[in-house]
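Asks: Submitted below is the structure of interest, expressed as structure tokens.
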Amino acid sequence: MVRRALAYAVVVACTSSAVLLSPAAAQTRGVLELFTSQGCSSCPQADQLLGELASDPSLVTVSLPIDYWDYLGWKDTLADPRNTVRQKAYSKVRGDRQVYTPQMVVNGSVHALGSDRNAIERAIEHSREKPATLSLPVALSVVDGRLVVAVPERSDGHAAAEVWVWGLSKAITVAIKRGENRGKTITYYNVLRRSLKLDSWNGKANTWTVPIRDIDGDGIDRAAAIVQAGTAEKPSAMLGAAVAALR
């Protein structure tokens, strides 16, 4: 059974050489954010699916472990309350009060059951009906211990947006000893470990340089750069995204 919050209130409680990526507009068709929990019996299938989807170069996949099921008998070792806040923010913007696990938020605007590959694919297509979605070619490179994020100028009416860098761990394996997944060993893919806001973006071309040490630690070995319409409090459509290995 899908682990679903009964009500919104429950959720509240409860180098000289560079590695360059092709423009996001040419590669990226989907940014997939999986809200998951080690304490959710419905989540392992979604966690495995995210690992499979991560091999698709046209997708930027991210696992965001939440903490509101910790009371069920096992405290999620990767959960971050900021992930819970982000999931609730998406729900508020959509106005549907749909906060559950495993939930996949697709391109910042549509959600689907995280274990349903077909539903996720439909959500990708539906989200891209908005012309601005992933229309911005974001370039991400790793140069001499620094991340370089470049965004071109756009004058076609893009809404105000924010530019973020996310530090990801490609794979983390956890042996779960109690709760609904007791006895299982589960691997979580592209786990969000740190996030750093670079700037707001209003359509002007810009380049940001960030020392890798600013997002390093916690097993981080990948980085994603995203440009997302709205704000962290009111997240909206993904305008552009790219990902790169740090090591």
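Starting from 1 in every chain, residues are counted up; chains themselves are A, B, ... following the order of the structure tokens, and ligands are numbered from 1 as listed.
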Based on DSSP run over this structure's backbone, return all residues of segment 117-226 of chain A in strand (DSSP E), as a ChimeraX atom specification.
Replies: /A:139-143,146-151,161-175,185-201,206-211,222-226
Asks: Using N, CA and C atoms, can you write the selected residues to a file as a compact mmCIF listing (two decimals), in the first residue's frame?
Replies:
# COMPACT_ATOMS: atom_id res chain seq x y z
N ALA A 139 24.68 24.81 -18.59
CA ALA A 139 25.96 24.14 -18.77
C ALA A 139 26.63 23.98 -17.41
N LEU A 140 27.10 22.78 -17.11
CA LEU A 140 27.78 22.48 -15.84
C LEU A 140 29.12 21.84 -16.14
N SER A 141 30.18 22.37 -15.54
CA SER A 141 31.51 21.80 -15.73
C SER A 141 32.26 21.75 -14.41
N VAL A 142 33.23 20.85 -14.35
CA VAL A 142 34.11 20.71 -13.18
C VAL A 142 35.50 21.10 -13.63
N VAL A 143 36.05 22.15 -13.02
CA VAL A 143 37.33 22.71 -13.47
C VAL A 143 38.20 23.00 -12.26
N ARG A 146 36.59 23.20 -8.93
CA ARG A 146 35.46 24.13 -8.86
C ARG A 146 34.34 23.65 -9.78
N LEU A 147 33.12 24.01 -9.39
CA LEU A 147 31.96 23.81 -10.25
C LEU A 147 31.68 25.12 -10.97
N VAL A 148 31.45 25.03 -12.26
CA VAL A 148 31.10 26.21 -13.05
C VAL A 148 29.73 25.98 -13.67
N VAL A 149 28.80 26.87 -13.34
CA VAL A 149 27.43 26.79 -13.85
C VAL A 149 27.19 28.00 -14.73
N ALA A 150 26.78 27.76 -15.96
CA ALA A 150 26.53 28.85 -16.91
C ALA A 150 25.11 28.77 -17.44
N VAL A 151 24.44 29.91 -17.44
CA VAL A 151 23.07 30.02 -17.92
C VAL A 151 23.02 31.15 -18.94
N ALA A 161 13.30 33.01 -11.34
CA ALA A 161 13.72 31.67 -10.99
C ALA A 161 14.90 31.73 -10.03
N GLU A 162 15.29 30.55 -9.55
CA GLU A 162 16.46 30.43 -8.68
C GLU A 162 17.42 29.40 -9.27
N VAL A 163 18.70 29.63 -9.03
CA VAL A 163 19.75 28.72 -9.49
C VAL A 163 20.34 28.02 -8.26
N TRP A 164 20.34 26.69 -8.31
CA TRP A 164 20.82 25.88 -7.19
C TRP A 164 21.85 24.87 -7.65
N VAL A 165 22.74 24.51 -6.72
CA VAL A 165 23.62 23.35 -6.90
C VAL A 165 23.28 22.35 -5.81
N TRP A 166 23.09 21.10 -6.21
CA TRP A 166 22.80 20.02 -5.27
C TRP A 166 23.98 19.06 -5.22
N GLY A 167 24.41 18.69 -4.02
CA GLY A 167 25.42 17.67 -3.84
C GLY A 167 24.75 16.32 -3.65
N LEU A 168 25.09 15.34 -4.48
CA LEU A 168 24.43 14.04 -4.49
C LEU A 168 25.41 12.91 -4.18
N SER A 169 24.90 11.88 -3.54
CA SER A 169 25.64 10.62 -3.39
C SER A 169 25.05 9.62 -4.36
N LYS A 170 25.89 9.12 -5.24
CA LYS A 170 25.40 8.27 -6.33
C LYS A 170 24.68 7.03 -5.82
N ALA A 171 25.18 6.40 -4.77
CA ALA A 171 24.54 5.20 -4.23
C ALA A 171 24.91 5.03 -2.76
N ILE A 172 23.90 4.83 -1.92
CA ILE A 172 24.11 4.57 -0.50
C ILE A 172 23.27 3.35 -0.12
N THR A 173 23.92 2.34 0.42
CA THR A 173 23.23 1.11 0.81
C THR A 173 23.02 1.09 2.32
N VAL A 174 21.80 0.80 2.73
CA VAL A 174 21.42 0.84 4.14
C VAL A 174 20.79 -0.50 4.53
N ALA A 175 21.26 -1.07 5.65
CA ALA A 175 20.63 -2.26 6.24
C ALA A 175 19.62 -1.78 7.27
N THR A 185 17.97 -4.82 2.96
CA THR A 185 19.10 -3.96 2.63
C THR A 185 18.77 -3.26 1.32
N ILE A 186 18.69 -1.94 1.37
CA ILE A 186 18.19 -1.17 0.24
C ILE A 186 19.24 -0.15 -0.20
N THR A 187 19.38 0.00 -1.49
CA THR A 187 20.29 1.01 -2.04
C THR A 187 19.48 2.20 -2.52
N TYR A 188 19.93 3.38 -2.11
CA TYR A 188 19.29 4.64 -2.49
C TYR A 188 20.22 5.37 -3.47
N TYR A 189 19.65 5.90 -4.53
CA TYR A 189 20.44 6.44 -5.63
C TYR A 189 20.32 7.96 -5.73
N ASN A 190 21.46 8.60 -6.01
CA ASN A 190 21.51 10.05 -6.19
C ASN A 190 20.81 10.77 -5.03
N VAL A 191 21.25 10.42 -3.83
CA VAL A 191 20.64 10.97 -2.62
C VAL A 191 21.08 12.42 -2.43
N LEU A 192 20.10 13.30 -2.25
CA LEU A 192 20.41 14.71 -2.01
C LEU A 192 20.99 14.85 -0.60
N ARG A 193 22.24 15.33 -0.52
CA ARG A 193 22.91 15.47 0.76
C ARG A 193 23.13 16.93 1.15
N ARG A 194 23.34 17.78 0.16
CA ARG A 194 23.53 19.20 0.44
C ARG A 194 22.96 20.01 -0.72
N SER A 195 22.51 21.23 -0.42
CA SER A 195 22.02 22.12 -1.47
C SER A 195 22.53 23.52 -1.20
N LEU A 196 22.81 24.22 -2.26
CA LEU A 196 23.38 25.57 -2.17
C LEU A 196 22.72 26.46 -3.22
N LYS A 197 22.08 27.52 -2.77
CA LYS A 197 21.50 28.48 -3.70
C LYS A 197 22.60 29.40 -4.21
N LEU A 198 22.73 29.49 -5.53
CA LEU A 198 23.73 30.36 -6.12
C LEU A 198 23.22 31.78 -6.30
N ASP A 199 21.96 31.90 -6.74
CA ASP A 199 21.47 33.25 -7.06
C ASP A 199 20.02 33.14 -7.52
N SER A 200 19.38 34.29 -7.62
CA SER A 200 18.12 34.39 -8.34
C SER A 200 18.46 34.64 -9.81
N TRP A 201 17.53 34.32 -10.70
CA TRP A 201 17.78 34.48 -12.13
C TRP A 201 16.56 35.12 -12.78
N ASN A 206 24.50 34.52 -17.11
CA ASN A 206 25.38 34.60 -15.95
C ASN A 206 26.15 33.30 -15.81
N THR A 207 27.27 33.40 -15.11
CA THR A 207 28.11 32.24 -14.80
C THR A 207 28.50 32.30 -13.33
N TRP A 208 28.39 31.17 -12.66
CA TRP A 208 28.74 31.08 -11.25
C TRP A 208 29.83 30.03 -11.07
N THR A 209 30.78 30.34 -10.20
CA THR A 209 31.86 29.41 -9.88
C THR A 209 31.83 29.11 -8.39
N VAL A 210 31.82 27.82 -8.07
CA VAL A 210 31.68 27.39 -6.68
C VAL A 210 32.78 26.37 -6.36
N PRO A 211 33.56 26.58 -5.31
CA PRO A 211 34.51 25.54 -4.91
C PRO A 211 33.76 24.26 -4.55
N ARG A 222 28.63 13.53 -6.82
CA ARG A 222 28.02 14.09 -8.02
C ARG A 222 27.42 15.45 -7.66
N ALA A 223 27.20 16.25 -8.67
CA ALA A 223 26.52 17.53 -8.48
C ALA A 223 25.49 17.73 -9.57
N ALA A 224 24.40 18.37 -9.20
CA ALA A 224 23.39 18.77 -10.18
C ALA A 224 23.22 20.27 -10.08
N ALA A 225 23.08 20.92 -11.21
CA ALA A 225 22.75 22.34 -11.26
C ALA A 225 21.35 22.46 -11.83
N ILE A 226 20.49 23.20 -11.14
CA ILE A 226 19.12 23.37 -11.62
C ILE A 226 18.74 24.84 -11.63
Asks: Taking the backbone alone, and naming residues the way the document does, which bits of segment 26-114 of chain A are alpha helix (DSSP H) by DSSP, as a ChimeraX atom specification?
Replies: /A:26-27,43-53,81-94
Asks: List as a VMD selection string the protein and nucleic acid residues near segment 95-112 of chain A, meaning an atom at most 9 Å away when only C-alpha atoms are counted, but skip any in the same chain fewer than 6 places from it.
Replies: chain A and resid 2 to 8 11 29 to 37 40 42 to 47 66 87 to 88 119 to 120 122 to 124 126 to 128 133 to 134 228 to 229 235 to 239
Asks: Can you work out the spacing between atom CA of Arg213 of chain A and atom CA of Ala244 of chain A in Å, to one decimal?
Replies: 15.2 Å
Asks: What is the distance, in Å and to one decimal place, between atom CA of Ala79 of chain A and atom CA of Val138 of chain A?
Replies: 28.5 Å
Asks: Identify, on the basis of only C-alpha atoms, every residue whose closest approach to Arg178 of chain A does not exceed 7 Å; exclude the query and any residue fewer than 3 positions from it along the same chain; express the result as JSON, numbers by chain.
Replies: {"A": [73, 74, 181, 182]}
Asks: Work out how far apart atom CA of Arg117 of chain A and atom CA of Glu52 of chain A are and give it in Å to one decimal.
Replies: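 Going from atom CA of Arg117 of chain A over to atom CA of Glu52 of chain A, I get 10.2 Å.
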Asks: So that I can check the surroundings of Leu59 of chain A, please list as a list of chain:residue names every protein, DNA and RNA residue that reaches within 10 Å of it, counting only C-alpha atoms and ignoring chain neighbours fewer than 2 positions away.
Replies: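 Near Leu59 of chain A, the qualifying residues are A:Ala24, A:Gln27, A:Thr28, A:Arg29, A:Gly30, A:Val31, A:Leu32, A:Leu53, A:Ala54, A:Ser55, A:Asp56, A:Pro57, A:Thr61, A:Val62, A:Ile124, A:Ala241, A:Ala242, A:Val243.
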Asks: Generate the output file for the selected residues, C-alpha atoms, as a compact mmCIF listing (two decimals), in the first residue's frame.
Replies:
# COMPACT_ATOMS: atom_id res chain seq x y z
CA ALA A 24 20.29 20.69 -20.76
CA GLN A 27 19.81 16.25 -23.16
CA THR A 28 17.50 16.65 -20.23
CA ARG A 29 13.82 15.81 -20.64
CA GLY A 30 13.06 15.18 -17.00
CA VAL A 31 14.10 16.14 -13.47
CA LEU A 32 12.74 13.41 -11.20
CA LEU A 53 16.06 5.54 -14.39
CA ALA A 54 19.37 7.05 -13.27
CA SER A 55 21.07 5.25 -16.16
CA ASP A 56 19.04 7.31 -18.65
CA PRO A 57 21.23 10.30 -19.66
CA THR A 61 17.20 11.75 -10.90
CA VAL A 62 17.32 12.66 -7.22
CA ILE A 124 7.20 13.74 -18.00
CA ALA A 241 19.17 21.14 -15.31
CA ALA A 242 22.48 19.35 -15.72
CA VAL A 243 24.51 16.85 -13.71
Asks: Got a sec: who's within 7 Å of Asn83 of chain A, counting only C-alpha atoms, leaving out chain neighbours fewer than 2 positions off, as a PyMOL selection string?
Replies: chain A and resi 64-66+80-81+85-87
Asks: Using C-alpha atoms, can you write the selected residues to a file as a PDB file, in the first residue's frame?
Replies:
ATOM      1  CA  LEU A  64      14.953  12.992  -1.210  1.00  0.00           C
ATOM      2  CA  PRO A  65      14.414  10.938   1.985  1.00  0.00           C
ATOM      3  CA  ILE A  66      11.737  12.405   4.263  1.00  0.00           C
ATOM      4  CA  ASP A  80      16.438  15.494   6.045  1.00  0.00           C
ATOM      5  CA  PRO A  81      13.555  17.615   7.335  1.00  0.00           C
ATOM      6  CA  VAL A  85       9.484  20.921   3.701  1.00  0.00           C
ATOM      7  CA  ARG A  86      10.161  20.782  -0.048  1.00  0.00           C
ATOM      8  CA  GLN A  87       7.572  18.071  -0.607  1.00  0.00           C
TER       9      GLN A  87
END
Asks: Point out the residue among A:Gly39, A:Gly183, A:Pro131, A:Gly114 with the least atom-to-atom distance to Thr77 of chain A, counting only C-alpha atoms.
Replies: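 Selected residue with least distance to Thr77 of chain A: A:Gly39.
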Asks: Which one is closest to Gly203 of chain A: A:Ser155, A:Leu78, A:Ile215, A:Leu246? Count only C-alpha atoms.
Replies: A:Ser155
Asks: Just checking: using only C-alpha atoms, which residue out of A:Ala245, A:Gln38, A:Ile212, A:Asp144 ends up closest to Asp70 of chain A?
Replies: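 Looking only at the distances to Asp70 of chain A, the closest residue turns out to be A:Gln38.
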Asks: Which is closer to Gln48 of chain A than all the others in A:Asp116, A:Asp218, A:Asp76, A:Asp67, using only C-alpha atoms?
Replies: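 Closest to Gln48 of chain A of all the choices is A:Asp116.
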